[in-house]
Structure formats: structure tokens, C-alpha cells
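A short write-up of the structure that comes next.
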Amino acid sequence: MNVGKMIAPHIRNVAPSGIRKYFDLINEMKDAISLGIGEPDFVTPWRIREEGIYSLEKGYTHYSSNAGYIELRREICNYMKRRCNLEYNAESEVIVTVGGSEAIDLAIRTIVTRGDEVVIPEPSFVAYKGCTLFAGAVPVPIELKAGDQFRLRRKDLEKAVTDKTKIVIIAYPNNPTGAIMNYEDYLEIVDFLKDKDIIIISDELYAELTYTGKHVSIANFEEMKDRTIVVNGFSKAFAMTGWRIGYACGNKEIIGQMKKIHQYAIMCAPTTAQYAAMEALRNCDDDVAEMVAEYNHRRRVVLDGFRKAGLDCFEPLGAFYVFPDIRKTGLSSDEFCERLLLEERVLAVPGSAFGDCGEGFIRATYATSMDNLIEAIRRNERFVNKL
Amino acid sequence: MKNEIMDILSKNSRISNEQIAIMLGRTEEEVKQAISEMEEQNIILGYPATINWEKTDKEVIMAFIEVRVTPQRDRGFDKVAERIYQYPQVKSCNLMSGSYDLFVAVEGKTMKEVALFVAEKLATIESVVSTSTHFVLKKYKENGVSFEHKQSDNREAVVL
Ligand SMILES: Cc1ncc(COP(=O)(O)O)c(C=O)c1O
């Protein structure tokens with residue numbers, strides 16, 4: 001038997017992530033600085049870790065209910081009310097998942113069938129396209145523009161939405177651009193989407209990392225709430241990437257069907273992480289505020305650094321990424337990143353890894369120590385100057 | 001802005017005004033001005049470094065001393081405290097709630113030196129009723145910095 005031939009074409013045909021080569025390169029280098037990591041450098045706050053340890057000491061090592069412990073779901077509802085001004089029913093409108101990642105996968109699989117279209121504004125986190133393809137549906141990219149500060153505009157949606165569209169993905173604060181959308185930005189989007197038979201998946205993993213004003217969710221608009229699946233989690237806000245825990249909130253019929261997939265494919269999110277997550281939601285606002293303040297300092301430092309190196313860069317107001325425009329160097333984003341790594345031992349990720357329209361940009365993460373950042377900026381400036 | 005500057009300096013007092021200005025999105029001039037004001041108002045009192053003396057060949061012995069005193073009429077504890085904290089050997093001096101009154105950190109080159117200082121200088125002050133000396137055997141954390149535990153960055157080098 002040719003085993004390879006047995007693999008389903010819609011799985012085989014999805015391209016693996018293009019950043020593998022950087023991974024191999026950097027692993028052979030000493031003193032390289034990576035600005036290529038999409039996760040917090042902070043270790044999970046001790047009180048959260050301690051709560052996880054305590055739950056293990058007490059012997060809480062079993063499955064939870066499929067949707068997650070009800071106490072945790074109640075905490076999630078309190079949190080969503082408190083921080084996002086969104087009300088959900090803990091019994092029926094919340095599901096605890098293995099990271100926001102699983103929630104994204106469940107949401108897409110629950111809504112689409114073969115041939116349906118999923119509108120994905122790019123540059124974008126890579127999971128949406130992959131999950132769409134694995135579900136047999138068709139990703140329809142929107143090219144966001146640096147000139148619009150990578151915000152989603154009605155005119156972009158008008159072009160992309162067809163009568164096959166079942167999902168529009170909205171992800172602000174954004175990975176990889178650091179863009180946010182404020183209340184006014186959403187008005188025209190809401191106006192366009194509100195009477196269409198389209199579900200919104202709003203990926204709000206970076207909601208806490210908003211540096212001016214308060215995070216706004218599209219679900220904050222009354223006419224959108226019932227048709228929006230809000231995906232959130234603990235990875236970015238509480239520096240809990242390795243715990244693998246997140247959640248989705250939304251209409252109870254949708255959440256109910258998502259729960260069914262989750263029940264059969266996953267059973268439940270890790271229970272140690274669920275106990276830790278309860279502590280995070282109950283008692284860690286100050287820890288979050290401290291991390292956000294630190295990110296904000298670094299954000300200004302990297303932005304200033306890239307601009308001083310002569311690169312155009314719009315001011316990112318969320319997440320922990322800057323997305324400088326490297327077109328004036330004459331290099332492609334892949335060339336730029338490869339040479340920056342080989343010649344100056346600084347790793348950034350080419351914008352093209354996040355969709356075709358990311359070409360001409362690079363993504364640099366500022367979730368790394370200030371000392372590293374300052375050194376990386378110095379090296380980047382030296383590199384750009386000698387081009 | 002001052003609160004933010006204090007937070008930054010309390011973690012790293014060697015950082016330049018220029019760097020602080022970038023971090024806060026202010027001008028260097030504004031930062032300089034704010035820091036001078038805080039220095040003048042005795043809000044910022046000094047810029048010490050946190051040093052692990054155990055790793056040096058300098059002998060430093062530290063003790064914490066619980067001091068019980070009879071408060072003086074009109075002056076409360078301030079007068080005694082002042083007599084104690086004027087000694088350069090005294091590194092910190094705090095008025096406490098609970099079963100003793102002053103909590104005094106004393107530094108010296110040897111245990112004997114510290115013990116003698118307590119016996120001869122602190123215990124003999126008129127209103128001091130009793131002292132109880134606790135020598136520090138090992139420091140784990142000071143000024144929010146842990147001495148042993150340095151978290152290394154063990155993340156994968158590229159993650160989307
Ligand atoms: C935009 C976005 N959504 C979701 C995720 C997945 O996060 P989680 O760790 O909760 O699965 C990430 C992680 O990088 C992300 O950047």
C-alpha cells in the first residue's frame with residue numbers, strides 16, 4: 001500500500017508553516033535574539049501557578065464536565081461582564097477549551113460545511129485558514145492595508161462577502177499587526193453585517209493588551225451579539241500559553257453544538273489549568289496590569305527603534321507586535337528576515353507568513369526583555385543602515 | 001507620569017532619562033524635570049543597587065533586631081528611633097505594630113561586631129527596654145529581586 005496516498009488531499013494540500021527554516025537557523029546560533037515568538041516572555045504569575053500546584057496536591061486529577069467546571073464558567077461570565085461588558089449564561093453560553101485554538105477550530109467546524117466560505121482579513125494568525133481548509137471550506141482572504149492601519153473596512157467586506165459566506169473572522173487586537181478596532185471603526189462593519197446570515201468569530205485573545213482606551217468587541221453591539229462567537233483565553237493576558245486553556249462564549253445553540261465536538265474529540269480542558277484559570281480570573285487583575293504596563297513601555301521602545309532605523313511603521317495599539325514596512329529596503333520580507341538573522345542575529349518573522357498581503361512587512365514581537373529589545377533594535381538599525 | 005517614572009526607577013535606577021522618555025512617550029526634558037522635582041521633594045531619596053555580598057570577598061553580616069522601648073511623652077517613638085537610625089551601621093529602622101516596637105537592620109563585618117554594637121549602643125539607650133537579635137544566615141530575596149532564582153528564557157525561538 002502507498003501509505004502517502006491514503007492521506008486526505010484536503011489535509012495534505014495545506015502548506016505547512018513557512019517559518020520552519022528560521023527555526024533551524026536560529027537553533028544553531030549563539031547570542032541570537034528572537035523577536036519571532038508569539039507568546040509572553042513572562043512566566044505565569046506565581047499565585048496562578050501555586051493554585052495549579054495546590055489542586056494537584058489535593059488530588060484534583062480527574063475529568064471535569066465537558067464544558068469545563070461550572071465554577072470556572074461562572075468566573076468567565078463575571079470576567080466578561082466586568083472587563084468586556086458582555087453577559088453570558090454560564091450554564092449554556094460558555095465552553096472551556098484547550099486554548100483559544102481549540103475554540104477557533106470548534107467554531108469553524110460547527111458552522112461551515114464543504115464549499116462554504118470563510119472571510120479572513122489578512123495579514124492574519126495562521127490558524128483560521130488552516131482550520132477552514134481542514135473543515136473542507138473555502139478561505140476568502142481580505143487584504144488589509146497599512147494605510148488603514150490594518151483595520152477592517154466596510155469596502156473590504158463588501159468585496160469579499162458572497163452568498164456562500166458563512167463566517168467572517170475578526171481578530172483585534174491583531175496578531176501579527178498589533179492593530180486594534182475602536183467603537184467607531186466597528187459602526188460601518190456592524191451596519192453591513194447585521195442583516196446577513198453570517199456568523200462572526202471574534203478572536204479576542206489579546207483583549208487585555210490594549211494600550212489606549214478600552215477594548216471593544218463586535219459583540220458589544222446589541223445586533224451582533226447573538227451572531228458572534230467570542231473566542232478568548234488565558235495564554236496572552238495571563239501568560240499561560242503552556243497550560244492550554246481558553247474559552248468561547250456565544251449563542252447557546254452554537255455553543256451546544258461546539259460542545260458536542262469537544263465532548264467526542266477532547267473530553268475536557270486540562271483540569272489543573274482550569275483551577276489555575278479560576279485564580280487568574282478571581283485575583284490577578286493587578287498582575288495583568290503590571291504586565292500590560294511593561295509591554296506598553298517596550299512597545300514605545302521598539303516602535304521608536306524601528307522608526308529611527310528609517311523604517312515606516314504605523315503605531316500598533318494592541319497585542320505585543322510591531323509590523324514595520326520594509327519595502328523601501330528593496331528586499332522581500334523573507335530576504336530581509338533571513339539576512340537580519342544571518343548578519344545580525346536578530347530574528348523577526350516575514351509578514352508573508354501571515355498571508356500574501358503581509359509581503360513587504362515583518363513582524364517583531366516585543367514580548368521579550370527590555371535589554372534584548374534594545375540590543376535587537378541596535379542591531380536592526382545597523383543592518384538597515386548598511387543596506 | 002511621575003508614578004510611572006517611580007515604578008521604572010524602583011526596578012532599575014540606572015536607566016537613562018532618554019530611555020524613560022521613549023518608554024513613556026514623553027520628551028527627555030519632561031522626564032528630567034519630573035525627576036528633579038521628586039528629588040527636591042525628597043520623594044526619590046537615593047539610587048542604591050541590590051548586591052549579593054555573599055558572592056564577593058567583602059564580609060557583610062546582617063542582623064534584624066527587635067527593639068522594645070517605652071515611648072516618651074510628647075515625642076512617642078520618634079526620638080528613640082532617631083537616636084538609633086543615626087548610626088551608619090543601621091540600614092533600616094521601622095516602627096512596628098505587634099509585640100515589639102522598632103525593627104532595626106544592622107550591618108557589620110563580623111557577628112561579634114554586630115553583637116557588640118547592639119549591646120553597647122542600642123541596648124544602652126535609656127528608653128530601650130529590651131533587644132532581641134536575629135542574624136541573617138542567607139538572603140533569598142531583597143528589593144523584589146530573588147538572589148538564587150534567575151528565570152531563563154526557555155521558549156521556542158519561533159512561534160506564530
Ligand atoms: C490571534 C490569536 N488567536 C489565538 C491564539 C491561540 O492561543 P491559545 O494559546 O489560547 O490557543 C493565538 C496564539 O498565538 C493568537 O495569536
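Labels used: A, B, ... for chains in the order of the C-alpha cells, numbers from 1 for residues in each chain, and numbers from 1 for ligands as shown.
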Open item on the list: Env of Lys58 of chain B: 12 Å cut, atoms = only C-alpha atoms, seq-sep filter 6 positions within chain, self excluded. Answer as number ranges by chain.
Closed with: B: 51-52, 108-110
Preceding selection exported with N, CA, C and O atoms as a tab-separated table (two decimals), in the first residue's frame:
chain	number	residue	atom	x	y	z
B	51	ILE	N	22.86	44.15	45.94
B	51	ILE	CA	24.09	43.37	45.74
B	51	ILE	C	24.05	42.10	46.59
B	51	ILE	O	23.63	42.13	47.74
B	52	ASN	N	24.45	41.02	46.00
B	52	ASN	CA	24.58	39.77	46.75
B	52	ASN	C	26.01	39.70	47.29
B	52	ASN	O	26.92	39.21	46.63
B	108	GLY	N	27.33	44.74	59.78
B	108	GLY	CA	28.70	44.86	60.27
B	108	GLY	C	29.59	43.87	59.56
B	108	GLY	O	29.13	43.13	58.70
B	109	LYS	N	30.88	43.88	59.93
B	109	LYS	CA	31.79	42.97	59.24
B	109	LYS	C	31.78	41.58	59.85
B	109	LYS	O	32.00	40.60	59.16
B	110	THR	N	31.56	41.51	61.16
B	110	THR	CA	31.52	40.19	61.82
B	110	THR	C	30.31	40.14	62.74
B	110	THR	O	29.74	41.16	63.11
With ligand 1 as the partner and 12 Å as the cut-off, tabulate the residues of chain B that qualify, each row holding the nearest pair of atoms and their distance in Å to one decimal, using only C-alpha atoms and all ligand atoms, sorted by chain and rising number, as CSV.
residue,atom,partner,partner_atom_place_in_ligand_line,distance
B:Val158,CA,ligand 1,14 (O),11.0
B:Val159,CA,ligand 1,14 (O),7.4
B:Leu160,CA,ligand 1,14 (O),5.7
Open item on the list: Contacts from chain A to chain B, 9 Å maximum, only C-alpha atoms: show me the residue list as a VMD selection string.
Closed with: chain A and resid 17 19 to 20 22 to 23 26 to 27 33 to 39 41 43 125 to 126 175 to 176 293 296 to 301 304 347 to 349 353 to 354 368
Set the distance at 6 Å and use only C-alpha atoms: which residues neighbour segment 66-79 of chain B once local chain neighbours fewer than 3 positions away are removed? I'd like the list as a PDB file with N, CA and C atoms, in the first residue's frame.
ATOM      1  N   GLU B  82      15.169  58.103  66.206  1.00  0.00           N
ATOM      2  CA  GLU B  82      16.196  58.991  65.659  1.00  0.00           C
ATOM      3  C   GLU B  82      17.568  58.668  66.244  1.00  0.00           C
ATOM      4  N   TYR B 100       6.699  43.970  69.555  1.00  0.00           N
ATOM      5  CA  TYR B 100       7.839  44.853  69.818  1.00  0.00           C
ATOM      6  C   TYR B 100       7.631  46.135  69.023  1.00  0.00           C
ATOM      7  N   ASP B 101       8.525  47.102  69.184  1.00  0.00           N
ATOM      8  CA  ASP B 101       8.234  48.436  68.654  1.00  0.00           C
ATOM      9  C   ASP B 101       9.044  48.803  67.413  1.00  0.00           C
ATOM     10  N   LEU B 102      10.371  48.643  67.521  1.00  0.00           N
ATOM     11  CA  LEU B 102      11.205  49.029  66.385  1.00  0.00           C
ATOM     12  C   LEU B 102      11.862  47.777  65.794  1.00  0.00           C
ATOM     13  N   PHE B 103      11.934  47.763  64.508  1.00  0.00           N
ATOM     14  CA  PHE B 103      12.580  46.663  63.812  1.00  0.00           C
ATOM     15  C   PHE B 103      13.771  47.277  63.082  1.00  0.00           C
ATOM     16  N   SER B 127      15.518  54.647  76.931  1.00  0.00           N
ATOM     17  CA  SER B 127      14.147  54.118  76.890  1.00  0.00           C
ATOM     18  C   SER B 127      14.036  52.734  76.247  1.00  0.00           C
ATOM     19  N   VAL B 128      15.161  52.156  75.850  1.00  0.00           N
ATOM     20  CA  VAL B 128      15.096  50.797  75.294  1.00  0.00           C
ATOM     21  C   VAL B 128      14.926  49.790  76.425  1.00  0.00           C
ATOM     22  N   VAL B 129      13.866  48.998  76.341  1.00  0.00           N
ATOM     23  CA  VAL B 129      13.559  48.036  77.390  1.00  0.00           C
ATOM     24  C   VAL B 129      14.272  46.708  77.132  1.00  0.00           C
ATOM     25  N   SER B 130      14.237  46.278  75.866  1.00  0.00           N
ATOM     26  CA  SER B 130      14.906  45.017  75.560  1.00  0.00           C
ATOM     27  C   SER B 130      15.243  44.949  74.082  1.00  0.00           C
ATOM     28  N   THR B 131      16.190  44.097  73.724  1.00  0.00           N
ATOM     29  CA  THR B 131      16.514  43.845  72.311  1.00  0.00           C
ATOM     30  C   THR B 131      16.576  42.338  72.094  1.00  0.00           C
ATOM     31  N   SER B 132      16.286  41.961  70.883  1.00  0.00           N
ATOM     32  CA  SER B 132      16.386  40.545  70.532  1.00  0.00           C
ATOM     33  C   SER B 132      16.988  40.484  69.132  1.00  0.00           C
TER      34      SER B 132
END
Open item on the list: Could you pull out the alpha helix (DSSP H) residues of segment 41-282 of chain A, going by DSSP on the backbone, and write them as number ranges by chain?
Closed with: A: 46-57, 70-84, 99-111, 127-134, 154-160, 183-193, 222-225, 252-265, 271-282
Task: Counting only C-alpha atoms, the residue of B:Glu142, B:Ser99, B:Phe64, B:Pro48 that sits nearest Ala115 of chain B - done: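 Answer, going by the shortest atom-to-atom distance: B:Phe64.
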- [ ] Write out as a list of chain:residue names each polymer residue whose atoms come within 9 Å of Ile84 of chain B, counting only C-alpha atoms; drop sequence neighbours fewer than 3 positions from it.
- [x] B:Lys79, B:Val80, B:Ala81, B:Tyr87, B:Val90, B:Cys93, B:Val104, B:Lys121, B:Leu122, B:Ile125
For the residues in that selection, give me C-alpha atoms as a CSV table (one decimal), in the first residue's frame.
chain,number,residue,atom,x,y,z
B,79,LYS,CA,13.0,60.4,69.5
B,80,VAL,CA,14.3,56.9,70.2
B,81,ALA,CA,14.1,56.0,66.6
B,87,TYR,CA,24.2,55.2,63.3
B,90,VAL,CA,21.7,50.9,61.0
B,93,CYS,CA,14.6,51.2,61.1
B,104,VAL,CA,16.2,47.6,63.1
B,121,LYS,CA,24.9,51.2,71.6
B,122,LEU,CA,21.3,50.0,71.2
B,125,ILE,CA,19.7,53.8,75.2
- [ ] Could you pull out the residues in chain B that DSSP calls strand (DSSP E or B) from the backbone, as an MDAnalysis selection string?
- [x] chainID B and resid 61:69 72 76 90:95 102:108 128:135 141:142 145:146 159
- [ ] Do a neighbour search on Tyr79 of chain A at 12 Å with only C-alpha atoms, toss out local chain neighbours closer than 3 positions, and write the hits as a list in words.
- [x]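 My reading of the contact set: Leu72, Arg73, Arg74, Glu75, Ile76, Arg82, Arg83, Cys84, Asn85, Leu86, Glu87, Tyr88, Ala90, Glu208, Asn232, Gly233, Phe234, Cys249, Ala277, Met278, Glu279, Ala280, Leu281, Arg282, Asn283, Cys284 and Asp285 of chain A.
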Open item on the list: Residues near Phe147 of chain B, anyone? I mean within 12 Å using only C-alpha atoms, not counting same-chain ones fewer than 3 positions away, as a PyMOL selection string.
Closed with: chain B and resi 50-55+138-144+150-151
Please write the residues from the selection above to a file, keeping all heavy atoms, as a compact mmCIF listing (two decimals), in the first residue's frame.
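Once everything was written out, this is selection-v9.txt:
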# COMPACT_ATOMS: atom_id res chain seq x y z
N THR B 50 21.15 46.56 44.33
CA THR B 50 20.92 45.37 45.14
C THR B 50 22.09 44.41 44.89
O THR B 50 22.28 43.96 43.76
CB THR B 50 19.60 44.70 44.73
OG1 THR B 50 18.56 45.67 44.84
CG2 THR B 50 19.29 43.51 45.62
N ILE B 51 22.86 44.15 45.94
CA ILE B 51 24.09 43.37 45.74
C ILE B 51 24.05 42.10 46.59
O ILE B 51 23.63 42.13 47.74
CB ILE B 51 25.32 44.22 46.13
CG1 ILE B 51 25.47 45.37 45.13
CG2 ILE B 51 26.59 43.37 46.17
CD1 ILE B 51 26.51 46.39 45.48
N ASN B 52 24.45 41.02 46.00
CA ASN B 52 24.58 39.77 46.75
C ASN B 52 26.01 39.70 47.29
O ASN B 52 26.92 39.21 46.63
CB ASN B 52 24.29 38.59 45.82
CG ASN B 52 24.28 37.28 46.58
OD1 ASN B 52 24.59 37.25 47.77
ND2 ASN B 52 23.92 36.21 45.89
N TRP B 53 26.19 40.18 48.52
CA TRP B 53 27.54 40.28 49.10
C TRP B 53 28.18 38.91 49.27
O TRP B 53 29.39 38.80 49.31
CB TRP B 53 27.49 41.02 50.44
CG TRP B 53 27.12 42.47 50.31
CD1 TRP B 53 25.96 43.06 50.71
CD2 TRP B 53 27.91 43.51 49.71
NE1 TRP B 53 25.96 44.40 50.40
CE2 TRP B 53 27.15 44.71 49.78
CE3 TRP B 53 29.17 43.56 49.10
CZ2 TRP B 53 27.60 45.92 49.28
CZ3 TRP B 53 29.63 44.78 48.61
CH2 TRP B 53 28.85 45.94 48.70
N GLU B 54 27.34 37.91 49.39
CA GLU B 54 27.89 36.57 49.58
C GLU B 54 28.80 36.16 48.44
O GLU B 54 29.66 35.30 48.59
CB GLU B 54 26.76 35.54 49.69
CG GLU B 54 26.26 35.39 51.11
CD GLU B 54 25.18 34.34 51.20
OE1 GLU B 54 25.29 33.31 50.50
OE2 GLU B 54 24.22 34.57 51.93
N LYS B 55 28.57 36.73 47.30
CA LYS B 55 29.38 36.35 46.14
C LYS B 55 30.64 37.20 46.02
O LYS B 55 31.37 37.09 45.04
CB LYS B 55 28.55 36.51 44.86
CG LYS B 55 27.43 35.51 44.77
CD LYS B 55 27.04 35.31 43.33
CE LYS B 55 26.29 34.00 43.19
NZ LYS B 55 25.70 33.85 41.88
N LYS B 138 21.04 33.59 55.37
CA LYS B 138 21.05 33.52 53.92
C LYS B 138 19.96 34.43 53.39
O LYS B 138 18.85 34.43 53.90
CB LYS B 138 20.76 32.07 53.50
CG LYS B 138 20.78 31.86 52.01
CD LYS B 138 20.67 30.39 51.69
CE LYS B 138 20.66 30.22 50.18
NZ LYS B 138 20.50 28.82 49.79
N LYS B 139 20.29 35.19 52.36
CA LYS B 139 19.27 36.05 51.76
C LYS B 139 18.69 35.39 50.53
O LYS B 139 19.42 34.93 49.66
CB LYS B 139 19.92 37.37 51.34
CG LYS B 139 20.05 38.35 52.48
CD LYS B 139 20.37 39.72 51.94
CE LYS B 139 20.63 40.64 53.13
NZ LYS B 139 21.07 41.95 52.72
N TYR B 140 17.38 35.37 50.47
CA TYR B 140 16.72 34.80 49.30
C TYR B 140 16.23 35.89 48.35
O TYR B 140 16.25 35.72 47.15
CB TYR B 140 15.54 33.93 49.71
CG TYR B 140 15.96 32.70 50.48
CD1 TYR B 140 15.88 32.66 51.86
CD2 TYR B 140 16.44 31.58 49.80
CE1 TYR B 140 16.27 31.53 52.55
CE2 TYR B 140 16.84 30.45 50.48
CZ TYR B 140 16.75 30.42 51.88
OH TYR B 140 17.14 29.31 52.55
N LYS B 141 15.78 36.98 48.91
CA LYS B 141 15.16 38.00 48.08
C LYS B 141 15.28 39.35 48.77
O LYS B 141 15.17 39.43 49.99
CB LYS B 141 13.68 37.65 47.89
CG LYS B 141 12.97 38.50 46.86
CD LYS B 141 11.53 38.01 46.66
CE LYS B 141 10.86 38.72 45.53
NZ LYS B 141 9.46 38.32 45.34
N GLU B 142 15.56 40.37 48.00
CA GLU B 142 15.64 41.71 48.56
C GLU B 142 15.20 42.70 47.48
O GLU B 142 15.54 42.52 46.31
CB GLU B 142 17.07 42.00 48.98
CG GLU B 142 17.21 43.19 49.90
CD GLU B 142 18.61 43.27 50.50
OE1 GLU B 142 19.51 43.77 49.82
OE2 GLU B 142 18.79 42.79 51.64
N ASN B 143 14.52 43.75 47.88
CA ASN B 143 14.02 44.75 46.93
C ASN B 143 13.30 44.12 45.74
O ASN B 143 13.46 44.56 44.60
CB ASN B 143 15.18 45.60 46.38
CG ASN B 143 15.85 46.40 47.47
OD1 ASN B 143 15.21 46.70 48.48
ND2 ASN B 143 17.11 46.72 47.28
N GLY B 144 12.58 43.04 45.99
CA GLY B 144 11.85 42.40 44.91
C GLY B 144 12.71 41.57 43.97
O GLY B 144 12.23 41.07 42.96
N LYS B 150 17.09 32.68 38.88
CA LYS B 150 17.01 33.51 37.68
C LYS B 150 16.24 32.73 36.63
O LYS B 150 16.64 31.65 36.23
CB LYS B 150 18.42 33.86 37.19
CG LYS B 150 18.69 35.35 37.30
CD LYS B 150 19.67 35.88 36.31
CE LYS B 150 19.53 37.35 36.01
NZ LYS B 150 19.28 38.23 37.12
N GLN B 151 15.12 33.29 36.22
CA GLN B 151 14.31 32.61 35.24
C GLN B 151 14.99 32.71 33.88
O GLN B 151 15.31 33.80 33.43
CB GLN B 151 12.94 33.29 35.17
CG GLN B 151 11.91 32.49 34.46
CD GLN B 151 11.37 31.36 35.33
OE1 GLN B 151 11.08 31.56 36.50
NE2 GLN B 151 11.27 30.18 34.76
Task: All residues 12 Å or closer to Glu335 of chain A, only C-alpha atoms, same chain fewer than 3 positions away omitted, as a ChimeraX atom specification - done: /A:22,326-327,329-332,338-343,347-352,359-362,387
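Using only C-alpha atoms, the nearest neighbour of Ser55 of chain A within the list A:Thr271, A:Tyr206, A:Ile374, A:Val190 is A:Thr271.
Counting only C-alpha atoms, the residue from A:Ile53, A:Ile229, A:Met29, A:Val292 that sits nearest to Glu344 of chain A is A:Met29.
Pairwise distance (atom CA of Val136 of chain B, atom CA of Ala119 of chain B) equals 17.6 Å.
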Task: Coordinates-based distance that separates atom CA of Asp325 of chain A from atom CA of Asn385 of chain A (Å, one decimal) - done: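 These two atoms are separated by 15.1 Å.
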